[in-house]
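Chemist: What follows is input.txt; its format and atoms are compact mmCIF, C-alpha atoms.
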# COMPACT_ATOMS: atom_id res chain seq x y z
CA CYS E 177 90.85 78.46 111.46
CA ASN E 178 90.68 74.87 110.24
CA ALA E 179 89.54 73.28 106.99
CA VAL E 180 88.30 69.79 106.23
CA LYS E 181 87.23 68.16 102.96
CA VAL E 182 83.69 66.80 102.81
CA ASP E 183 81.87 64.73 100.21
CA GLY E 184 78.56 65.55 98.51
CA ARG E 185 76.62 64.24 101.51
CA GLY E 186 78.55 66.38 103.99
CA LYS E 187 80.60 63.47 105.36
CA ARG E 188 84.19 64.23 106.32
CA ILE E 189 86.72 62.67 103.92
CA SER E 190 89.93 64.17 105.30
CA GLU E 191 91.42 65.18 108.60
CA PRO E 192 91.15 68.83 109.65
CA VAL E 193 94.02 71.06 108.49
CA MET E 194 94.94 74.20 110.44
CA LEU E 195 95.10 77.21 108.10
CA ASP E 196 95.71 80.01 110.62
CA THR E 197 95.55 80.89 114.30
CA THR E 198 94.57 84.11 116.02
CA ARG E 199 94.88 85.16 119.64
CA VAL E 200 91.80 87.05 120.77
CA ALA E 201 90.76 88.71 123.99
CA TRP E 202 88.23 86.99 126.21
CA ALA E 203 85.35 89.35 125.33
CA ALA E 204 86.26 89.74 121.63
CA ASN E 205 83.88 89.20 118.75
CA ASN E 206 84.08 85.57 117.61
CA LYS E 207 83.62 86.51 113.92
CA ILE E 208 87.30 86.69 112.99
CA TYR E 209 87.68 85.25 109.50
CA THR E 210 85.97 85.94 106.21
CA THR E 211 86.37 83.13 103.68
CA LEU E 212 86.43 84.05 99.99
CA TYR E 213 86.74 81.85 96.95
CA SER E 214 87.15 82.55 93.26
CA GLU E 215 84.47 81.79 90.70
CA ASP E 216 86.55 78.96 89.21
CA ARG E 217 87.15 77.56 92.76
CA LYS E 218 90.93 77.50 92.21
CA SER E 219 91.72 80.12 94.87
CA VAL E 220 90.58 80.45 98.48
CA MET E 221 91.35 83.43 100.68
CA LEU E 222 91.09 83.89 104.42
CA LEU E 223 90.69 87.53 105.37
CA LYS E 224 90.84 88.94 108.87
CA ILE E 225 90.60 92.56 109.86
CA ASN E 226 92.04 93.92 113.08
CA ASN E 227 90.07 97.07 113.85
CA ARG E 228 91.44 97.67 117.35
CA ASN E 229 92.91 100.97 116.10
CA SER E 230 89.86 102.75 114.63
CA SER E 231 92.01 105.02 112.45
CA ASN E 232 94.04 102.19 110.83
CA PHE E 233 92.55 98.76 110.18
CA VAL E 234 95.08 95.96 109.67
CA PHE E 235 94.10 93.40 107.03
CA THR E 236 95.69 89.95 106.96
CA THR E 237 95.15 87.99 103.74
CA LEU E 238 96.06 84.33 103.31
CA LEU E 239 95.70 83.08 99.73
CA PHE E 240 95.50 79.31 99.20
CA ASP E 241 95.27 77.18 96.05
CA ASN E 242 92.48 74.62 95.60
CA GLN E 243 94.55 72.05 97.55
CA LEU E 244 94.74 74.51 100.48
CA GLN E 245 98.45 75.10 100.03
CA LEU E 246 99.39 78.62 101.16
CA ARG E 247 100.54 80.80 98.25
CA TYR E 248 100.79 84.24 99.88
CA LYS E 249 100.28 85.78 103.30
CA HIS E 250 100.21 89.58 103.57
CA GLN E 251 99.48 92.16 106.26
CA ILE E 252 98.38 95.61 105.11
CA GLY E 253 97.18 98.71 106.95
CA LEU E 254 94.23 100.69 105.63
CA PRO E 255 93.69 104.21 107.02
CA MET E 256 90.13 104.82 108.16
CA GLU E 257 89.42 108.52 108.22
CA ASP E 258 85.92 108.47 109.66
CA ARG E 259 84.15 106.10 112.02
CA ASN E 260 81.18 106.05 109.61
CA GLU E 261 83.14 104.37 106.81
CA TYR E 262 81.84 100.99 105.70
CA PHE E 263 82.91 98.22 103.31
CA THR E 264 81.06 96.49 100.52
CA ASP E 265 81.29 92.73 100.14
CA PHE E 266 84.79 91.33 99.67
CA LEU E 267 85.34 89.43 96.39
CA LEU E 268 88.14 87.30 94.95
CA ASP E 269 88.72 87.04 91.20
CA ASN E 270 90.07 84.00 89.34
CA GLU E 271 93.61 85.44 89.49
CA GLY E 272 93.52 85.56 93.30
CA ASN E 273 93.12 89.35 93.47
CA LEU E 274 90.99 90.85 96.25
CA TYR E 275 88.41 93.61 95.57
CA PHE E 276 86.10 95.58 97.82
CA GLY E 277 84.64 99.05 98.14
CA LYS E 278 84.74 101.56 100.96
CA PHE E 279 82.17 104.31 101.40
CA LEU E 280 81.12 106.96 103.87
CA LYS E 281 77.64 107.07 105.38
CA ARG E 282 77.38 110.02 107.74
CA SER E 283 75.25 109.62 110.86
CA GLY E 284 71.78 111.04 110.34
CA SER E 285 72.22 110.74 106.58
CA ASP E 286 70.44 108.23 104.41
CA TYR E 287 72.83 108.34 101.48
CA VAL E 288 76.37 107.21 100.67
CA SER E 289 79.31 109.39 99.63
CA ASP E 290 83.04 109.08 99.00
CA VAL E 291 83.02 105.68 97.27
CA THR E 292 86.46 104.10 96.78
CA LEU E 293 87.30 100.88 94.96
CA ILE E 294 90.07 99.00 96.76
CA SER E 295 92.07 96.18 95.19
CA LYS E 296 94.96 93.98 96.23
CA GLU E 297 96.83 91.90 93.68
CA SER E 298 97.56 88.35 94.84
CA MET E 299 101.37 88.72 94.99
CA VAL E 300 101.50 92.35 96.15
CA GLU E 301 101.46 93.44 99.79
CA ALA E 302 99.67 96.74 99.18
CA PHE E 303 96.23 98.12 98.46
CA GLN E 304 95.42 100.16 95.39
CA LEU E 305 92.72 102.78 96.07
CA VAL E 306 90.67 104.31 93.27
CA PRO E 307 88.28 107.11 94.34
CA LEU E 308 85.05 107.02 92.31
CA LYS E 309 83.36 110.32 91.52
CA SER E 310 79.61 110.92 91.58
CA ASN E 311 77.44 114.03 91.88
CA GLU E 312 74.36 112.03 92.86
CA MET E 313 73.23 110.77 96.25
CA LEU E 314 73.98 107.04 96.31
CA ASP E 315 72.67 104.02 98.15
CA GLU E 316 73.20 100.22 98.17
CA VAL E 317 76.76 100.04 96.80
CA LYS E 318 77.39 96.60 95.29
CA LEU E 319 80.44 95.00 93.65
CA LYS E 320 80.68 92.21 91.04
CA ILE E 321 83.65 90.65 89.27
CA ASP E 322 83.50 89.91 85.53
CA ASN E 323 86.22 87.26 85.25
CA ASN E 324 85.64 86.68 81.51
CA ASN E 325 86.52 90.28 80.63
CA ARG E 326 88.86 90.89 83.61
CA ARG E 327 86.77 93.81 84.90
CA VAL E 328 85.30 94.91 88.21
CA LEU E 329 81.78 96.30 88.19
CA LEU E 330 80.58 98.57 90.97
CA ASN E 331 77.10 100.01 91.06
CA ALA E 332 74.72 101.88 93.35
CA PHE E 333 71.21 103.27 93.24
CA TYR E 334 71.08 107.04 92.94
CA TYR E 335 68.55 109.74 93.66
CA MET E 336 68.55 113.48 93.15
CA GLN E 337 67.06 114.70 96.44
CA ARG E 338 67.08 113.59 100.06
CA ARG E 339 64.37 111.06 100.82
CA GLY E 340 63.47 111.08 97.14
CA ASN E 341 62.66 108.17 94.86
CA ILE E 342 65.38 106.11 93.22
CA GLU E 343 66.17 107.74 89.87
CA GLY E 344 68.41 105.06 88.41
CA LEU E 345 71.60 103.07 88.68
CA HIS E 346 75.10 104.60 88.87
CA PHE E 347 77.60 102.23 87.30
CA TRP E 348 81.43 102.15 87.31
CA VAL E 349 83.65 99.69 85.37
Would you mind writing the structure in this file as structure tokens?

Modeler:
Amino acid sequence: CNAVKVDGRGKRISEPVMLDTTRVAWAANNKIYTTLYSEDRKSVMLLKINNRNSSNFVFTTLLFDNQLQLRYKHQIGLPMEDRNEYFTDFLLDNEGNLYFGKFLKRSGSDYVSDVTLISKESMVEAFQLVPLKSNEMLDEVKLKIDNNNRRVLLNAFYYMQRRGNIEGLHFWV
């Protein structure tokens, strides 16, 4: 994974800098890295997930400052209990903390259950998992960071019966 600075017209103004390398198998998926940046553009994170072991995904996070100097590199395992577990978008706050959600969508089901908010502080090599309770059937789980108030907002549509109309918005802070 390389980075290069470009000007407003997309012209290269620096030489490429190698940020990380990964050895992959010949037939592997070529989508390896997810690039995240904070709202204030002072932190950049490279995230890669090794899902070779379907019961334990290994996350590698590389946090850089706005000059692309490496601040922290961590490797963390995340148990995956069901093959129908999915992630929300991955977001980075202005402090360099990573946030994302994990939820279960059973095959043949059109709703989401078992929503968990997952966070990783910039300096800490561990995930913090917060299970979120709901009695409704949920769909379209989305995450947003409120940097001004140092909060994480997670919401989802909810409905009261299978294949029913959307009743409202379920909201966690």

Chemist: Out of E:Gln337, E:Thr237, E:Ser219, E:Thr292, which residue has the shortest atom-to-atom distance to E:Thr264 when counting only C-alpha atoms?

Modeler: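 Ranked by minimum distance to E:Thr264, first place goes to E:Thr292.
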
Chemist: Quick one: residues within 7 Å of E:Ile225, all atoms listed in the file counted, chain neighbours fewer than 6 positions away excluded, as a ChimeraX atom specification?

Modeler: /E:233-236

Chemist: Please, could you write that set of residues out with C-alpha atoms as a CSV table (one decimal), in the coordinates of the input?

Modeler:
chain,number,residue,atom,x,y,z
E,233,PHE,CA,92.6,98.8,110.2
E,234,VAL,CA,95.1,96.0,109.7
E,235,PHE,CA,94.1,93.4,107.0
E,236,THR,CA,95.7,90.0,107.0

Chemist: Pick out the closest residue to E:Asp196 from this set: E:Leu268, E:Ile252, E:Val182, E:Leu246. Count all atoms listed in the file.

Modeler: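 Going through E:Leu268, E:Ile252, E:Val182, E:Leu246 one by one, the smallest distance to E:Asp196 is for E:Leu246.
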
Chemist: For E:Ile321, which residue among E:Asp269, E:Asp258, E:Asp183, E:Glu301 is the nearest when counting all atoms listed in the file?

Modeler: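 The closest residue to E:Ile321 is E:Asp269.
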
Chemist: Measure the distance from atom CA of E:Tyr262 to atom CA of E:Lys281 in Å and round it to one decimal.

Modeler: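 Atom CA of E:Lys281 lies at a distance of 7.4 Å from atom CA of E:Tyr262.
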
Chemist: Grab all the atoms of stretch 236-252 of chain E that the file lists, wrap them in a box along x, y and z, add 5 Å per side, and give me centre plus edge lengths in Å (one decimal) as JSON.

Modeler:
{"center_x": 96.6, "center_y": 83.8, "center_z": 101.3, "size_x": 18.3, "size_y": 33.6, "size_z": 21.4}

Chemist: Find the residues near E:Glu271: any atom within 9 Å, counting all atoms listed in the file, skip ones fewer than 4 places away on the same chain, and give them as a list in words.

Modeler: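 Final neighbour list, sorted by chain and number: Ser214, Lys218, Ser219, Glu297, Ser298 and Asn323 of chain E.
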
Chemist: Around (83.8, 104.3, 111.5) in the file's frame, which residues reach within 10 Å when counting only C-alpha atoms? Return as a count of residues only?

Modeler: 13

Chemist: In file coordinates, which residues lie within 12 Å of (92.2, 73.2, 107.2) using all atoms listed in the file, given as a PyMOL selection string?

Modeler: chain E and resi 177-182+190-197+220+222+240+242-246

Chemist: Pick the closest to E:Leu267 from E:Glu343, E:Asp286, E:Glu316, E:Glu215: which is it, counting all atoms listed in the file?

Modeler: E:Glu215

Chemist: If you measure from atom CA of E:Val200 to atom CA of E:Arg188, what distance in Å do you get, rounded to one decimal?

Modeler: 28.1 Å

Chemist: Taking into account all atoms listed in the file, which residue in the set E:Ile342, E:Lys296, E:Asp216, E:Gln251 is nearest to E:Asp322?

Modeler: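 Of the candidates, the smallest distance to E:Asp322 is held by E:Asp216.
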
Chemist: For a test of reading the model, state the distance in Å between atom CA of E:Tyr335 and atom CA of E:Met313, rounded to one decimal.

Modeler: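 So the two atoms, atom CA of E:Tyr335 and atom CA of E:Met313, lie 5.4 Å apart.
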
Chemist: Calculated over all atoms listed in the file, which of the candidates E:Phe303, E:Tyr287, E:Tyr209, E:Phe276 has the smallest distance to E:Pro255?

Modeler: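 Comparing E:Phe303, E:Tyr287, E:Tyr209, E:Phe276 against E:Pro255, the winner is E:Phe303.
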